[in-house]
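Worksheet: the structure to be examined is printed underneath.
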Amino acid sequence: MSQSLNIESICDQLCAKDHILAEVIDIVGPCTLAPGHAAFDFLCDSIVRQQLSKHAANTIIHRFHKLFESGVPAPKQLLSLSEQEVLDAGISNRKYGYLLDLARRTETQQLNFSTLHEEDDSTIRRLLTEVKGIGDWTVDMYLLFGLGRIDVFPVKDLALRRSMSSLYGLDVDDLEGLEKVAQKWKPQRSIASWYMYKHGDLRPQ
């Protein structure tokens with residue numbers, strides 16, 4: 001996403017395309033999605049978050065981060081930790097294996113986060129899905145919330161689907177229907193998706 005991107009103008013365009021989204025934008029207010037250069041630690045946290053509730057994931061991530069001197073996961077230090085230290089933080093054996101693979105690929109420069117943000121979305125998706133345990137959901141989170149890319153629609157994310165389901169009267173598992181709604185948001189689906197998440201946060205749990 002370009003630093004000079006006019007989010008307000010994009011929101012005006014989206015409002016003209018979708019009156020339901022327009023109401024959400026009016027309620028939520030300005031979009032704060034911004035370009036970024038997310039790296040190793042973002043992906044570690046995304047792996048931990050897989051298939052966990054927000055509360056459970058946040059608790060484990062807090063413990064996991066405390067294992068690192070700086071409080072931020074780093075590949076070299078992760079590789080130096082014992083398996084038991086990581087498991088004691090609440091991370092499963094399976095996810096520990098995923099984190100190790102990510103750390104090794106980062107240390108050997110198979111993944112170079114200093115330049116990865118310069119690649120296009122499809123290249124980033126190809127490189128990241130080569131890592132064990134990283135699939136489309138994790139890549140979508142990285143592209144949308146880590147790099148702030150402009151046209152990402154994480155249809156595999158349950159929170160997004162629940163929010164859209166409540167707004168558009170679609171079944172939460174009707175991926176085709178949800179994709180059809182999102183077609184109206186192209187080529188700025190990230191902004192609309194951001195608003196869907198914010199709408200979900202506002203709904204009673």
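Ordered as shown in the structure tokens, chains take letters A, B, and onward, while each chain numbers its residues from 1 and ligands are numbered from 1 in the order shown.
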
### Task
Using DSSP on the backbone coordinates, identify the residues of segment 72-190 of chain A assigned to alpha helix (DSSP H); present them as a VMD selection string.
chain A and resid 75 to 80 83 to 88 93 to 107 113 to 116 121 to 128 136 to 141 158 to 168 175 to 183 189 to 190

Output C-alpha atoms for every residue in the selection just made, as a PDB file, in the first residue's frame.
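In the end it all went to selection29.pdb:
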ATOM      1  CA  PRO A  75      14.944 -16.503  14.756  1.00  0.00           C
ATOM      2  CA  LYS A  76      18.435 -17.059  16.182  1.00  0.00           C
ATOM      3  CA  GLN A  77      17.250 -16.958  19.781  1.00  0.00           C
ATOM      4  CA  LEU A  78      14.240 -19.157  19.021  1.00  0.00           C
ATOM      5  CA  LEU A  79      16.577 -21.811  17.628  1.00  0.00           C
ATOM      6  CA  SER A  80      18.633 -21.625  20.821  1.00  0.00           C
ATOM      7  CA  GLU A  83      11.759 -27.408  23.012  1.00  0.00           C
ATOM      8  CA  GLN A  84      10.429 -27.645  26.567  1.00  0.00           C
ATOM      9  CA  GLU A  85      10.809 -23.901  27.140  1.00  0.00           C
ATOM     10  CA  VAL A  86       8.631 -23.203  24.131  1.00  0.00           C
ATOM     11  CA  LEU A  87       6.076 -25.886  24.981  1.00  0.00           C
ATOM     12  CA  ASP A  88       5.827 -24.573  28.536  1.00  0.00           C
ATOM     13  CA  ASN A  93       4.254 -29.622  19.500  1.00  0.00           C
ATOM     14  CA  ARG A  94       2.882 -29.095  16.014  1.00  0.00           C
ATOM     15  CA  LYS A  95       3.184 -25.315  16.145  1.00  0.00           C
ATOM     16  CA  TYR A  96       6.648 -25.595  17.681  1.00  0.00           C
ATOM     17  CA  GLY A  97       7.684 -27.452  14.529  1.00  0.00           C
ATOM     18  CA  TYR A  98       6.187 -24.705  12.374  1.00  0.00           C
ATOM     19  CA  LEU A  99       8.043 -22.009  14.318  1.00  0.00           C
ATOM     20  CA  LEU A 100      11.328 -23.903  13.964  1.00  0.00           C
ATOM     21  CA  ASP A 101      10.902 -24.181  10.207  1.00  0.00           C
ATOM     22  CA  LEU A 102      10.158 -20.457   9.959  1.00  0.00           C
ATOM     23  CA  ALA A 103      13.195 -19.620  12.097  1.00  0.00           C
ATOM     24  CA  ARG A 104      15.527 -21.838  10.064  1.00  0.00           C
ATOM     25  CA  ARG A 105      14.345 -20.404   6.759  1.00  0.00           C
ATOM     26  CA  THR A 106      14.824 -16.890   8.120  1.00  0.00           C
ATOM     27  CA  GLU A 107      18.319 -17.613   9.463  1.00  0.00           C
ATOM     28  CA  PHE A 113      12.261  -9.924   5.583  1.00  0.00           C
ATOM     29  CA  SER A 114      14.367  -6.877   4.732  1.00  0.00           C
ATOM     30  CA  THR A 115      13.238  -7.217   1.101  1.00  0.00           C
ATOM     31  CA  LEU A 116      10.099  -9.368   1.288  1.00  0.00           C
ATOM     32  CA  ASP A 121       1.279 -10.330  -3.217  1.00  0.00           C
ATOM     33  CA  SER A 122       1.502 -13.531  -5.262  1.00  0.00           C
ATOM     34  CA  THR A 123       5.267 -13.834  -4.739  1.00  0.00           C
ATOM     35  CA  ILE A 124       4.889 -13.313  -1.004  1.00  0.00           C
ATOM     36  CA  ARG A 125       2.142 -15.946  -0.898  1.00  0.00           C
ATOM     37  CA  ARG A 126       4.329 -18.435  -2.770  1.00  0.00           C
ATOM     38  CA  LEU A 127       7.340 -17.867  -0.505  1.00  0.00           C
ATOM     39  CA  LEU A 128       5.416 -17.985   2.754  1.00  0.00           C
ATOM     40  CA  ASP A 136      -3.617 -18.881   2.941  1.00  0.00           C
ATOM     41  CA  TRP A 137      -5.114 -17.616   6.213  1.00  0.00           C
ATOM     42  CA  THR A 138      -1.720 -16.750   7.695  1.00  0.00           C
ATOM     43  CA  VAL A 139      -0.588 -15.129   4.453  1.00  0.00           C
ATOM     44  CA  ASP A 140      -3.784 -13.074   4.306  1.00  0.00           C
ATOM     45  CA  MET A 141      -3.176 -11.820   7.860  1.00  0.00           C
ATOM     46  CA  LEU A 158     -14.152 -16.905  10.594  1.00  0.00           C
ATOM     47  CA  ALA A 159     -14.343 -13.506  12.307  1.00  0.00           C
ATOM     48  CA  LEU A 160     -14.582 -11.771   8.940  1.00  0.00           C
ATOM     49  CA  ARG A 161     -17.222 -14.231   7.707  1.00  0.00           C
ATOM     50  CA  ARG A 162     -19.316 -13.823  10.852  1.00  0.00           C
ATOM     51  CA  SER A 163     -19.283 -10.056  10.495  1.00  0.00           C
ATOM     52  CA  MET A 164     -20.261 -10.203   6.835  1.00  0.00           C
ATOM     53  CA  SER A 165     -22.905 -12.852   7.549  1.00  0.00           C
ATOM     54  CA  SER A 166     -24.648 -10.575  10.033  1.00  0.00           C
ATOM     55  CA  LEU A 167     -24.576  -7.647   7.609  1.00  0.00           C
ATOM     56  CA  TYR A 168     -25.436  -9.290   4.313  1.00  0.00           C
ATOM     57  CA  LEU A 175     -17.824 -18.654   0.692  1.00  0.00           C
ATOM     58  CA  GLU A 176     -19.086 -18.128  -2.844  1.00  0.00           C
ATOM     59  CA  GLY A 177     -21.690 -15.644  -1.654  1.00  0.00           C
ATOM     60  CA  LEU A 178     -19.184 -13.785   0.497  1.00  0.00           C
ATOM     61  CA  GLU A 179     -16.721 -13.646  -2.403  1.00  0.00           C
ATOM     62  CA  LYS A 180     -19.488 -12.211  -4.588  1.00  0.00           C
ATOM     63  CA  VAL A 181     -20.089  -9.397  -2.081  1.00  0.00           C
ATOM     64  CA  ALA A 182     -16.358  -8.693  -1.939  1.00  0.00           C
ATOM     65  CA  GLN A 183     -16.165  -8.411  -5.734  1.00  0.00           C
ATOM     66  CA  ARG A 189     -10.897  -5.169  -0.557  1.00  0.00           C
ATOM     67  CA  SER A 190      -8.454  -4.656   2.310  1.00  0.00           C
TER      68      SER A 190
END

### Of the listed residues A:Ala192, A:Cys11, A:Val72, A:Leu5, that which approaches Phe40 of chain A most closely, counting only C-alpha atoms
A:Val72

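You will find atom CA of Asp151 of chain A at 8.6 Å from atom CA of Trp185 of chain A.
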
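Going from atom CA of Phe153 of chain A over to atom CA of Leu111 of chain A, you cover 23.7 Å.
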
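In terms of minimum interatomic distance to Ile25 of chain A, A:Glu8 ranks closest within A:His65, A:Glu8, A:Ile91, A:His37, counting only C-alpha atoms.
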
### Query
Which residue, A:Gly36, A:Gly90, A:Leu43, A:Cys31, has the smallest gap to Asn58 of chain A when you use only C-alpha atoms?
A:Gly90

### Task
Using only C-alpha atoms, determine which residues lie at most 12 Å from segment 52-57 of chain A, disregarding the query and same-chain residues fewer than 2 positions distant; provide the list as a ChimeraX atom specification.
/A:44-50,59-64,89-92,95,157-159,201
